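To be precise, the following lines are protein26.txt, and they hold compact mmCIF, C-alpha atoms.
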# COMPACT_ATOMS: atom_id res chain seq x y z
CA MET A 1 56.11 -81.28 2.16
CA SER A 2 59.69 -82.42 2.18
CA GLU A 3 60.89 -79.29 4.00
CA ASP A 4 59.63 -76.03 5.44
CA ARG A 5 58.73 -73.34 2.92
CA TYR A 6 58.56 -69.59 3.44
CA VAL A 7 55.56 -67.78 1.98
CA ALA A 8 54.73 -64.06 1.96
CA ALA A 9 51.40 -62.28 1.51
CA ILE A 10 50.11 -58.72 1.17
CA GLU A 11 46.59 -57.49 1.87
CA ILE A 12 45.72 -53.99 0.61
CA SER A 13 42.64 -52.46 2.21
CA SER A 14 41.18 -48.99 2.53
CA SER A 15 42.54 -48.47 6.04
CA LYS A 16 45.87 -50.30 6.03
CA ILE A 17 48.29 -52.48 4.10
CA ILE A 18 49.53 -55.57 5.93
CA GLY A 19 52.43 -57.79 4.94
CA VAL A 20 53.15 -61.17 6.55
CA VAL A 21 55.69 -63.94 6.19
CA GLY A 22 54.80 -67.49 7.16
CA ARG A 23 56.53 -70.82 7.44
CA ALA A 24 54.64 -73.81 6.05
CA ASN A 25 55.63 -76.82 8.12
CA ARG A 26 55.82 -80.44 7.04
CA ASN A 27 52.84 -81.31 9.27
CA GLY A 28 50.57 -78.88 7.40
CA GLN A 29 50.68 -76.11 10.00
CA VAL A 30 51.42 -72.53 8.97
CA ASP A 31 53.35 -70.34 11.40
CA ILE A 32 53.10 -66.59 10.85
CA ILE A 33 56.59 -65.43 11.87
CA ALA A 34 56.51 -61.73 10.94
CA VAL A 35 53.85 -59.03 10.53
CA GLU A 36 54.25 -55.41 9.41
CA GLN A 37 51.69 -52.82 8.39
CA GLU A 38 51.26 -49.26 7.13
CA LYS A 39 48.22 -47.00 6.98
CA SER A 40 46.71 -46.59 3.51
CA ILE A 41 44.19 -43.80 4.09
CA GLU A 42 43.50 -41.85 0.87
CA SER A 43 45.90 -43.92 -1.26
CA VAL A 44 43.38 -46.80 -1.39
CA ARG A 45 39.63 -46.20 -1.72
CA TYR A 46 37.01 -48.92 -1.43
CA GLY A 47 39.78 -51.51 -1.78
CA ILE A 48 41.06 -50.14 -5.11
CA ILE A 49 44.51 -48.54 -5.29
CA GLN A 50 44.20 -44.87 -6.26
CA ASN A 51 47.72 -43.55 -5.70
CA LEU A 52 50.22 -45.96 -7.24
CA GLU A 53 53.35 -44.14 -6.04
CA GLU A 54 52.23 -43.75 -2.43
CA THR A 55 51.03 -47.35 -2.22
CA SER A 56 54.25 -48.72 -3.71
CA MET A 57 56.32 -46.74 -1.18
CA ARG A 58 54.32 -48.15 1.70
CA ILE A 59 54.59 -51.73 0.42
CA ALA A 60 58.34 -51.31 -0.12
CA ARG A 61 58.71 -50.15 3.49
CA ILE A 62 56.71 -53.13 4.73
CA LEU A 63 58.90 -55.55 2.78
CA GLU A 64 62.08 -53.86 4.00
CA LYS A 65 60.96 -54.10 7.64
CA LEU A 66 60.00 -57.74 7.20
CA GLU A 67 63.38 -58.58 5.67
CA ARG A 68 65.18 -56.99 8.63
CA ARG A 69 63.48 -59.32 11.09
CA PRO A 70 65.90 -61.82 12.72
CA SER A 71 63.51 -64.65 11.81
CA ILE A 72 63.84 -63.76 8.11
CA ALA A 73 67.25 -62.12 7.50
CA PRO A 74 69.31 -62.65 5.39
CA LYS A 75 66.54 -64.02 3.17
CA LYS A 76 64.92 -61.64 0.69
CA ILE A 77 61.27 -61.57 -0.36
CA SER A 78 61.19 -62.33 -4.08
CA SER A 79 57.42 -62.70 -4.52
CA VAL A 80 54.13 -62.42 -2.63
CA PHE A 81 50.58 -63.69 -2.71
CA VAL A 82 48.18 -60.76 -2.97
CA GLY A 83 44.68 -60.58 -1.54
CA MET A 84 41.91 -59.13 -3.70
CA SER A 85 39.05 -57.26 -2.08
CA GLY A 86 37.03 -54.20 -3.02
CA ARG A 87 33.56 -52.97 -3.74
CA SER A 88 33.45 -54.30 -7.32
CA LEU A 89 33.90 -57.92 -6.19
CA ARG A 90 30.77 -60.02 -6.45
CA SER A 91 29.58 -63.40 -7.68
CA ILE A 92 27.53 -64.41 -10.70
CA PRO A 93 25.93 -67.90 -10.79
CA THR A 94 26.48 -69.93 -13.95
CA THR A 95 26.23 -73.54 -15.14
CA VAL A 96 28.65 -75.40 -17.41
CA ARG A 97 28.45 -78.95 -18.71
CA LEU A 98 30.46 -81.58 -20.55
CA ASN A 99 29.24 -84.53 -22.59
CA LEU A 100 31.47 -87.55 -22.03
CA PRO A 101 31.92 -91.00 -23.60
CA GLU A 102 29.79 -93.76 -22.10
CA GLU A 103 30.84 -94.89 -18.59
CA THR A 104 33.53 -92.24 -18.07
CA GLU A 105 35.10 -91.91 -14.65
CA ILE A 106 35.26 -88.28 -13.55
CA SER A 107 38.90 -87.25 -13.14
CA ASP A 108 40.82 -84.17 -12.03
CA GLU A 109 41.34 -83.32 -15.70
CA ILE A 110 37.57 -83.29 -16.37
CA ILE A 111 36.95 -81.10 -13.31
CA ALA A 112 39.70 -78.72 -14.50
CA ARG A 113 38.02 -78.51 -17.94
CA LEU A 114 34.73 -77.54 -16.28
CA ARG A 115 36.48 -74.82 -14.29
CA LYS A 116 38.17 -73.52 -17.44
CA ASP A 117 34.78 -73.40 -19.18
CA ALA A 118 33.38 -71.42 -16.24
CA TYR A 119 36.14 -68.84 -16.74
CA SER A 120 35.09 -68.57 -20.40
CA VAL A 121 31.46 -67.65 -19.69
CA ALA A 122 30.39 -64.43 -21.40
CA ILE A 123 29.99 -61.57 -18.92
CA ASP A 124 29.78 -57.78 -18.95
CA ASN A 125 32.93 -56.53 -20.71
CA THR A 126 33.52 -54.03 -17.90
CA LEU A 127 34.23 -56.92 -15.53
CA GLU A 128 36.95 -59.56 -15.22
CA ILE A 129 36.61 -63.11 -13.85
CA VAL A 130 39.05 -63.73 -10.99
CA ASP A 131 37.75 -66.99 -9.48
CA ALA A 132 35.18 -69.74 -9.91
CA GLU A 133 33.67 -71.41 -6.84
CA PRO A 134 31.74 -74.67 -7.43
CA ARG A 135 28.33 -74.97 -5.75
CA ARG A 136 27.56 -78.53 -6.80
CA TYR A 137 28.23 -81.10 -9.50
CA ARG A 138 25.57 -83.24 -11.13
CA ILE A 139 26.33 -86.55 -12.82
CA GLY A 140 23.05 -88.02 -13.99
CA THR A 141 20.71 -87.84 -10.98
CA LEU A 142 23.54 -87.62 -8.47
CA GLU A 143 24.37 -84.27 -6.85
CA THR A 144 27.71 -84.01 -5.09
CA LEU A 145 30.49 -81.67 -4.05
CA SER A 146 33.09 -84.39 -4.71
CA PRO A 147 32.58 -85.70 -8.26
CA LYS A 148 36.00 -87.34 -8.68
CA GLY A 149 35.64 -91.07 -9.19
CA VAL A 150 31.93 -90.99 -10.13
CA ILE A 151 30.98 -92.67 -13.44
CA GLY A 152 28.70 -91.04 -16.00
CA ASN A 153 28.36 -89.76 -19.56
CA GLU A 154 27.58 -86.15 -18.67
CA ILE A 155 28.61 -83.77 -15.90
CA ARG A 156 27.13 -80.39 -15.03
CA ALA A 157 28.56 -77.93 -12.57
CA ASP A 158 26.99 -74.92 -10.95
CA TYR A 159 29.58 -72.22 -10.28
CA ASP A 160 29.67 -68.85 -8.65
CA ILE A 161 32.11 -66.95 -10.83
CA VAL A 162 33.71 -64.08 -8.93
CA VAL A 163 34.16 -60.88 -10.92
CA CYS A 164 35.64 -57.44 -10.38
CA ARG A 165 36.56 -54.29 -12.28
CA PRO A 166 39.81 -54.85 -14.23
CA GLU A 167 41.58 -51.91 -12.57
CA LEU A 168 41.45 -53.69 -9.19
CA LYS A 169 43.88 -56.36 -10.41
CA ARG A 170 45.72 -54.15 -12.90
CA ASN A 171 46.66 -51.53 -10.30
CA ILE A 172 47.99 -54.21 -7.96
CA GLN A 173 50.23 -55.52 -10.75
CA ARG A 174 51.46 -52.02 -11.59
CA VAL A 175 52.37 -51.36 -7.96
CA ILE A 176 53.96 -54.66 -6.93
CA GLN A 177 55.55 -55.85 -10.15
CA ASP A 178 56.40 -52.60 -11.90
CA LYS A 179 57.14 -50.23 -9.01
CA VAL A 180 58.20 -52.42 -6.09
CA GLY A 181 59.90 -54.87 -8.43
CA ILE A 182 58.95 -58.25 -6.99
CA GLY A 183 56.87 -61.09 -8.39
CA ILE A 184 53.26 -62.03 -7.68
CA SER A 185 52.97 -65.72 -6.78
CA GLY A 186 49.21 -65.59 -7.11
CA PHE A 187 46.03 -63.58 -6.59
CA VAL A 188 43.68 -64.74 -3.83
CA VAL A 189 40.09 -63.54 -3.38
CA THR A 190 40.36 -62.52 0.26
CA PRO A 191 36.71 -63.00 1.40
CA LEU A 192 36.60 -66.54 -0.02
CA ALA A 193 40.00 -67.48 1.40
CA THR A 194 38.86 -66.16 4.79
CA ALA A 195 35.60 -68.10 4.63
CA HIS A 196 37.35 -71.36 3.78
CA LEU A 197 39.81 -70.88 6.63
CA ILE A 198 37.64 -69.77 9.55
CA LEU A 199 34.24 -71.36 8.81
CA THR A 200 33.70 -74.95 9.90
CA GLN A 201 32.28 -77.58 7.56
CA GLU A 202 29.27 -77.87 9.86
CA GLU A 203 28.55 -74.14 9.59
CA LYS A 204 28.80 -74.22 5.80
CA ARG A 205 26.57 -77.30 5.54
CA LEU A 206 23.92 -75.91 7.87
CA GLY A 207 23.96 -72.50 6.19
CA CYS A 208 25.75 -69.45 7.56
CA LEU A 209 26.63 -65.85 6.86
CA LEU A 210 30.19 -64.48 6.95
CA VAL A 211 30.22 -60.70 7.41
CA ASP A 212 33.40 -58.63 7.13
CA ILE A 213 32.78 -54.99 8.06
CA GLY A 214 35.84 -53.05 6.94
CA ALA A 215 36.64 -49.36 6.73
CA GLU A 216 34.86 -48.56 3.46
CA THR A 217 33.33 -51.86 2.35
CA THR A 218 31.31 -54.67 3.91
CA THR A 219 31.59 -58.14 2.41
CA VAL A 220 28.84 -60.73 2.73
CA CYS A 221 29.42 -64.41 1.90
CA ILE A 222 26.55 -66.87 2.30
CA PHE A 223 27.18 -70.61 2.46
CA ARG A 224 24.61 -73.38 2.31
CA ASN A 225 24.81 -77.13 1.76
CA GLY A 226 28.57 -76.91 2.15
CA ALA A 227 29.23 -74.43 -0.66
CA LEU A 228 29.15 -70.73 -1.47
CA CYS A 229 25.76 -69.61 -2.73
CA TYR A 230 26.08 -65.81 -2.63
CA PHE A 231 28.85 -63.21 -2.46
CA ALA A 232 28.57 -59.42 -2.56
CA THR A 233 30.53 -56.34 -1.50
CA LEU A 234 28.65 -53.33 -0.11
CA PRO A 235 30.18 -49.83 -0.50
CA PHE A 236 30.16 -48.74 3.12
CA GLY A 237 31.80 -49.65 6.42
CA GLY A 238 33.08 -48.32 9.71
CA ARG A 239 34.59 -45.16 8.23
CA ASN A 240 31.11 -44.02 7.15
CA ILE A 241 30.20 -43.81 10.84
CA THR A 242 33.37 -41.85 11.58
CA ARG A 243 32.70 -39.39 8.78
CA ASP A 244 29.15 -38.89 10.03
CA ILE A 245 30.61 -37.82 13.38
CA THR A 246 32.91 -35.31 11.64
CA THR A 247 29.76 -33.32 10.81
CA LEU A 248 29.89 -32.24 14.45
CA SER A 249 32.84 -30.02 13.48
CA LEU A 250 35.48 -32.62 14.32
CA LEU A 251 38.57 -33.85 12.52
CA GLU A 252 38.40 -37.47 11.39
CA GLU A 253 41.03 -38.62 13.90
CA ARG A 254 39.04 -37.16 16.80
CA ALA A 255 35.77 -38.51 15.39
CA GLU A 256 37.27 -42.01 15.23
CA GLU A 257 38.40 -41.75 18.84
CA ILE A 258 34.94 -40.69 20.01
CA LYS A 259 33.32 -43.48 17.99
CA ILE A 260 35.51 -46.09 19.66
CA THR A 261 35.18 -44.78 23.22
CA SER A 262 31.60 -43.49 23.27
CA GLY A 263 29.77 -44.88 20.24
CA ASN A 264 27.22 -47.70 20.39
CA ALA A 265 25.27 -49.26 17.54
CA ILE A 266 22.20 -49.69 19.75
CA ALA A 267 20.24 -46.65 20.83
CA PRO A 268 20.34 -46.12 24.63
CA GLU A 269 17.12 -46.23 26.58
CA ASN A 270 18.07 -42.99 28.32
CA PRO A 271 19.99 -40.61 26.03
CA SER A 272 23.07 -39.07 27.62
CA SER A 273 23.11 -35.38 28.46
CA LEU A 274 26.88 -35.30 28.79
CA ASN A 275 28.97 -32.88 26.80
CA LEU A 276 32.47 -33.98 25.72
CA ASN A 277 34.63 -30.95 24.95
CA GLY A 278 31.74 -29.21 23.26
CA VAL A 279 30.36 -32.36 21.61
CA LYS A 280 26.98 -33.65 22.79
CA LEU A 281 27.13 -37.43 23.25
CA SER A 282 23.44 -37.61 22.35
CA ASP A 283 24.31 -36.21 18.91
CA VAL A 284 27.10 -38.77 18.54
CA SER A 285 24.71 -41.55 19.54
CA ASN A 286 22.10 -40.50 16.99
CA LEU A 287 24.65 -40.53 14.18
CA VAL A 288 26.24 -43.85 15.17
CA VAL A 289 22.91 -45.63 15.62
CA ALA A 290 21.45 -44.36 12.33
CA ARG A 291 24.45 -45.45 10.24
CA SER A 292 24.83 -48.79 12.07
CA GLU A 293 21.20 -49.64 11.44
CA GLU A 294 21.65 -48.79 7.75
CA ILE A 295 24.66 -51.11 7.48
CA VAL A 296 22.82 -53.97 9.22
CA ALA A 297 19.69 -53.43 7.09
CA ASN A 298 21.77 -53.78 3.92
CA ILE A 299 23.42 -56.94 5.25
CA THR A 300 19.98 -58.39 5.96
CA GLU A 301 18.85 -57.59 2.40
CA GLN A 302 21.63 -59.78 0.98
CA ILE A 303 19.88 -62.84 2.40
CA LEU A 304 16.78 -61.96 0.36
CA TYR A 305 18.90 -61.31 -2.76
CA ALA A 306 20.32 -64.82 -2.34
CA GLY A 307 16.78 -66.20 -2.44
CA LEU A 308 16.93 -67.31 1.19
CA LYS A 309 15.36 -66.53 4.55
CA GLU A 310 16.97 -66.20 7.95
CA LYS A 311 15.68 -69.66 8.93
CA ASP A 312 17.76 -71.13 6.09
CA LEU A 313 20.96 -70.13 7.94
CA PRO A 314 20.91 -71.95 11.28
CA GLY A 315 24.73 -71.88 11.29
CA GLY A 316 24.42 -68.23 12.27
CA VAL A 317 26.52 -65.16 11.54
CA ILE A 318 30.30 -65.08 11.80
CA CYS A 319 31.72 -61.54 11.99
CA ILE A 320 35.19 -60.19 11.29
CA GLY A 321 36.63 -56.78 10.43
CA GLY A 322 37.29 -53.59 12.34
CA GLY A 323 33.68 -52.42 12.02
CA THR A 324 32.44 -55.32 14.17
CA LYS A 325 34.45 -53.94 17.10
CA LEU A 326 32.00 -51.05 17.48
CA ASN A 327 30.11 -51.42 20.75
CA GLY A 328 26.76 -53.09 20.16
CA MET A 329 27.34 -53.98 16.50
CA THR A 330 27.22 -57.77 16.90
CA GLU A 331 24.21 -57.47 19.22
CA LEU A 332 22.43 -55.32 16.65
CA LEU A 333 23.12 -57.91 13.95
CA SER A 334 21.74 -60.66 16.15
CA ARG A 335 18.59 -58.68 16.94
CA GLN A 336 17.86 -57.76 13.33
CA LEU A 337 18.63 -61.18 11.83
CA GLY A 338 17.30 -63.31 14.67
CA LEU A 339 20.41 -65.48 14.38
CA PRO A 340 23.30 -66.31 16.70
CA VAL A 341 26.33 -64.08 16.04
CA LYS A 342 29.95 -64.80 16.92
CA ILE A 343 33.36 -63.31 16.17
CA GLY A 344 35.44 -65.28 13.67
CA ARG A 345 38.84 -66.61 14.74
CA LEU A 346 41.80 -68.28 13.11
CA PRO A 347 41.96 -72.07 13.51
CA SER A 348 44.60 -73.64 15.74
CA TYR A 349 46.68 -74.86 12.79
CA VAL A 350 47.50 -71.24 11.87
CA HIS A 351 49.88 -70.15 14.60
CA ILE A 352 50.96 -66.53 15.13
CA GLU A 353 54.50 -66.16 16.47
CA ASP A 354 54.72 -62.38 16.02
CA ILE A 355 53.18 -60.38 18.87
CA LYS A 356 52.73 -57.44 16.45
CA GLY A 357 50.01 -59.43 14.67
CA PRO A 358 46.96 -59.98 16.92
CA SER A 359 44.63 -62.58 15.42
CA SER A 360 41.63 -60.26 15.07
CA GLU A 361 43.62 -57.78 12.95
CA ILE A 362 45.31 -60.19 10.54
CA ILE A 363 42.60 -62.76 9.80
CA GLU A 364 42.27 -61.62 6.17
CA VAL A 365 45.97 -61.52 5.28
CA ALA A 366 46.55 -64.77 7.21
CA SER A 367 43.87 -66.38 5.05
CA VAL A 368 45.60 -65.17 1.88
CA LEU A 369 48.90 -66.55 3.18
CA TYR A 370 47.35 -69.90 4.11
CA ALA A 371 45.69 -70.27 0.70
CA GLY A 372 49.00 -69.62 -1.04
CA ALA A 373 50.91 -71.99 1.27
CA THR A 374 48.48 -74.90 0.96
CA HIS A 375 47.35 -74.68 -2.67
CA THR A 376 50.75 -74.16 -4.27
CA ASP A 377 54.39 -75.15 -3.83
CA ALA A 378 55.56 -71.55 -4.06
CA GLN A 379 58.70 -70.41 -2.24
CA CYS A 380 58.51 -66.63 -1.75
CA LEU A 381 61.84 -66.06 0.02
CA GLU A 382 65.34 -66.71 -1.21
CA LEU A 383 68.88 -66.15 -0.04
CA PRO A 384 70.70 -63.27 -1.76
CA ARG A 385 73.30 -64.35 -4.31
CA ARG A 386 76.87 -63.82 -3.14
CA GLU A 387 79.28 -62.14 -5.53
CA GLU A 388 82.94 -62.97 -4.88
CA MET A 389 85.66 -60.46 -5.75
CA PRO A 390 88.07 -61.80 -8.40
CA VAL A 391 91.73 -62.17 -7.38
CA ILE A 392 93.76 -59.26 -8.81
CA GLY A 393 95.81 -60.28 -11.79
CA SER A 394 93.92 -63.53 -12.41
CA ALA A 395 91.45 -64.22 -15.18
CA PRO A 396 87.85 -64.54 -13.96
CA ASP A 397 86.57 -68.08 -14.19
CA ASP A 398 83.08 -69.38 -14.87
CA GLU A 399 82.21 -69.33 -11.18
CA GLN A 400 82.92 -65.60 -10.85
CA THR A 401 80.65 -64.76 -13.77
CA GLN A 402 78.00 -67.39 -13.21
CA GLY A 403 74.44 -66.18 -13.73
CA TYR A 404 75.38 -63.38 -16.16
CA SER A 405 74.69 -63.20 -19.88
CA GLY A 406 77.53 -63.22 -22.36
CA ASP A 407 77.68 -59.42 -22.61
CA GLU A 408 77.45 -59.04 -18.83
CA ARG A 409 80.18 -61.60 -18.29
CA ARG A 410 82.47 -59.78 -20.72
CA GLU A 411 81.69 -56.50 -18.98
CA ARG A 412 82.71 -57.94 -15.62
CA ILE A 413 85.93 -59.35 -17.13
CA SER A 414 87.08 -56.40 -19.22
CA ASN A 415 85.36 -53.26 -17.92
CA PRO A 416 88.22 -50.87 -17.01
CA ASN A 417 85.88 -49.09 -14.57
CA SER A 418 85.01 -52.23 -12.58
CA PHE A 419 85.97 -52.20 -8.92
CA ALA A 420 88.67 -54.87 -9.33
CA ASN A 421 90.33 -53.07 -12.25
CA ARG A 422 90.16 -49.72 -10.50
CA LEU A 423 91.71 -51.23 -7.37
CA LYS A 424 94.51 -52.84 -9.40
CA LYS A 425 95.16 -49.57 -11.24
CA GLY A 426 95.34 -47.62 -7.99
CA LEU A 427 97.81 -50.03 -6.39
CA THR A 428 100.01 -49.84 -9.47
CA ARG A 429 100.10 -46.06 -9.23
CA LEU A 430 100.81 -46.20 -5.50
CA PHE A 431 103.97 -48.23 -5.89
CA SER A 432 105.17 -46.70 -9.18
CA ASN A 433 107.56 -43.74 -9.63
CA PRO A 434 105.63 -40.54 -8.80
CA GLU A 435 107.26 -38.82 -11.73
CA ASP A 436 105.62 -41.31 -14.07
CA ASP A 437 102.07 -40.36 -13.13
CA ASP A 438 102.07 -36.64 -12.47
CA ASP A 439 98.90 -36.38 -14.51
CA GLU A 440 97.08 -39.01 -12.43
CA SER A 441 95.16 -38.11 -9.28
CA GLY A 442 93.36 -40.31 -6.74
CA LEU A 443 93.52 -44.06 -6.09
CA LEU A 444 90.14 -45.08 -7.41
As structure tokens, please, write out the structure in this file.
Amino acid sequence: MSEDRYVAAIEISSSKIIGVVGRANRNGQVDIIAVEQEKSIESVRYGIIQNLEETSMRIARILEKLERRPSIAPKKISSVFVGMSGRSLRSIPTTVRLNLPEETEISDEIIARLRKDAYSVAIDNTLEIVDAEPRRYRIGTLETLSPKGVIGNEIRADYDIVVCRPELKRNIQRVIQDKVGIGISGFVVTPLATAHLILTQEEKRLGCLLVDIGAETTTVCIFRNGALCYFATLPFGGRNITRDITTLSLLEERAEEIKITSGNAIAPENPSSLNLNGVKLSDVSNLVVARSEEIVANITEQILYAGLKEKDLPGGVICIGGGTKLNGMTELLSRQLGLPVKIGRLPSYVHIEDIKGPSSEIIEVASVLYAGATHTDAQCLELPRREEMPVIGSAPDDEQTQGYSGDERRERISNPNSFANRLKKGLTRLFSNPEDDDDESGLL
């Protein structure tokens, strides 16, 4: 990088919408300089925008608050990278191949052609391809993750193509481009961006499981031999536990509070007999344990769906998401899977300067930001254009009308209702004979 660039990202989830601005430094580090968020309950369900108007208002407020930050003002956010997550996201394995002339050296262009072919694979017409993750390349008898520079006359690539329902992407475009009125620099599949940022190469080569337990969805990404081998989104998360507790005649806000303070994913050896404002903690425990075990059982099943066993994942389980903060959840995962479990963290080269953005809460949006900053040359912020007032009585020059079309330029020059013309007209009336303008009223 020749100079620092400013990049912005938005992550829209079922519980909140988070916007961040980062500075990509010349040394490759990304500094997150501003974080703002809004709740998105009811306007977003299972990661898919349901209420376009409400969501657009919340995003507009986030952008406005970001632009007011001293570290950003007077710059304006002109575009954002947008994270994609939701229950319809999943992967489909496919293989594409190219026949090449004898002794061809594999180039970036050939790899790009393979990727383009992967995007063209026939799939269910109710789904849309949003990404293609390579598992491995085969040139003759050689298998590799880095085919560039290898010589051969045929190349095959195994891909996991990531698909979703078209409305997931379409609704994002309608909100950000049409309603908020800013550009989209790129779409980023949030779970994959997060995996590539927080998982180590050793973990991915050994075999590991990334689990993101959100409010209404749980995402499972399995890596082995250094590449993605399975990706699925399950339609339940931490809010399911909260809603179970509401069956005890509680509002959701109160149920969430009790879940956080008194809930535990692991059944106690001695059930509590305490009563909390009319709510039996033993009833809360039964509900929390039952739903937590269901979530963990479904996570465990994904390993079988991937054609693997727990022993194939010695890299262990890396957990993120609000649902993993429930007392006992990581311990329950470890017990059921028989694997080491740890909480995922941002690497040291992603630095958070804003105290409003604790690492555990912004991992996903930080991953979207980092992907946009490192894989593109996008500049998402720009200085507002200054418009100078023309001198009264002088003809506007090219500089005063720069950036306007021919019709717009003429409008600014000749429009009798323009500010400059109205000011000139008012001053003329002020210093003229009052008897000459009895029919006129007001300066402007």
query: atom CA of Ile355 of chain A and atom CA of Ala193 of chain A, how far apart in Å?
result: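 Here the two named atoms are 23.0 Å from each other.
Here atom CA of Val163 of chain A is placed at a distance of 26.9 Å from atom CA of Ile139 of chain A.
Going from atom CA of Asn153 of chain A to atom CA of Ile106 of chain A covers 9.3 Å.
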| message | Taking (59.3, -70.0, 0.8) as a centre in this file's frame and 7 Å as the limit, can you find every polymer residue with an atom that close, using only C-alpha atoms, and give them as a PyMOL selection string? | response | chain A and resi 5-7+378-381
Original post:
Which residues come within 9 Å of segment 86-91 of chain A, counting all atoms listed in the file, excluding same-chain residues fewer than 2 positions away, as an MDAnalysis selection string?
Top reply: chainID A and resid 13:14 45:48 84 93 127 132 160:165 168 189 216:219 229:236
For this session: Write out as a VMD selection string each polymer residue whose atoms come within 7 Å of Ile343 of chain A, counting all atoms listed in the file; drop sequence neighbours fewer than 5 positions from it.
Result: chain A and resid 318 to 320
Could those selected residues go to a file with C-alpha atoms, as a PDB file, in the frame of the given file?
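Generated file (result.pdb):
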ATOM      1  CA  ILE A 318      30.300 -65.080  11.800  1.00  0.00           C
ATOM      2  CA  CYS A 319      31.720 -61.540  11.990  1.00  0.00           C
ATOM      3  CA  ILE A 320      35.190 -60.190  11.290  1.00  0.00           C
TER       4      ILE A 320
END
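Taking all atoms listed in the file into account, the polymer residues that have an atom no farther than 9 Å from (53.0, -52.3, 7.4) are A:Lys16, A:Ile17, A:Ile18, A:Gly19, A:Val20, A:Val35, A:Glu36, A:Gln37, A:Glu38, A:Lys39, A:Arg58, A:Ile59, A:Arg61, A:Ile62, A:Leu63, A:Lys65, A:Leu66.
When all atoms listed in the file are used to measure the gap to Glu253 of chain A, the shortest distance among A:Ile41, A:Asn270, A:Gln173, A:Arg156 belongs to A:Ile41.
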Judged by only C-alpha atoms, the minimum distance to Tyr119 of chain A among A:Glu11, A:Glu133, A:Glu42, A:Glu105 is found for A:Glu133
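Proximity to Glu203 of chain A was assessed for A:Pro191, A:Gly328, A:Gly28, A:Pro314 counting only C-alpha atoms; the smallest distance is recorded for A:Pro314.
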Residue nearest Lys169 of chain A among A:Thr261, A:Ser334, A:Ser85, A:Ser40 (counting only C-alpha atoms):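 Smallest distance to Lys169 of chain A is found for A:Ser85.
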Residue nearest Val44 of chain A among A:Ile155, A:Ile241, A:Ile111, A:Ala215 (counting only C-alpha atoms) |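 Going through A:Ile155, A:Ile241, A:Ile111, A:Ala215 one by one, the smallest distance to Val44 of chain A is for A:Ala215.
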field: Test item: residues at most 7 Å from segment 357-374 of chain A, only C-alpha atoms, excluding those fewer than 4 positions along its chain, as a ChimeraX atom specification
entry: /A:7-11,18,24,30,35,81,83,188,190,193-194,197,345-346
Among A:Glu102, A:Asp124, A:Glu109, A:Asp312, Ile151 of chain A is approached most closely, using all atoms listed in the file, by A:Glu102
Should you be able to, write segment 324-348 of chain A of this structure into a file that contains C-alpha atoms, as a tab-separated table (two decimals), in the first residue's frame.
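Okay, this is what ended up in part-v1.tsv:
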chain	number	residue	atom	x	y	z
A	324	THR	CA	-21.19	-19.32	23.59
A	325	LYS	CA	-21.25	-16.88	26.52
A	326	LEU	CA	-23.96	-18.94	28.23
A	327	ASN	CA	-22.53	-20.51	31.38
A	328	GLY	CA	-21.41	-24.07	30.69
A	329	MET	CA	-21.90	-23.97	26.91
A	330	THR	CA	-18.25	-24.46	25.95
A	331	GLU	CA	-17.87	-27.17	28.60
A	332	LEU	CA	-20.93	-28.96	27.24
A	333	LEU	CA	-19.48	-28.83	23.73
A	334	SER	CA	-16.20	-30.28	24.96
A	335	ARG	CA	-17.96	-33.10	26.82
A	336	GLN	CA	-20.18	-34.09	23.91
A	337	LEU	CA	-17.52	-33.86	21.21
A	338	GLY	CA	-14.58	-35.11	23.25
A	339	LEU	CA	-12.47	-32.31	21.78
A	340	PRO	CA	-10.66	-29.30	23.24
A	341	VAL	CA	-12.78	-26.13	23.02
A	342	LYS	CA	-11.55	-22.54	23.08
A	343	ILE	CA	-12.98	-19.08	22.45
A	344	GLY	CA	-11.94	-17.49	19.15
A	345	ARG	CA	-10.09	-14.18	19.21
A	346	LEU	CA	-8.95	-11.59	16.71
A	347	PRO	CA	-5.28	-11.81	15.70
A	348	SER	CA	-2.83	-9.15	16.84
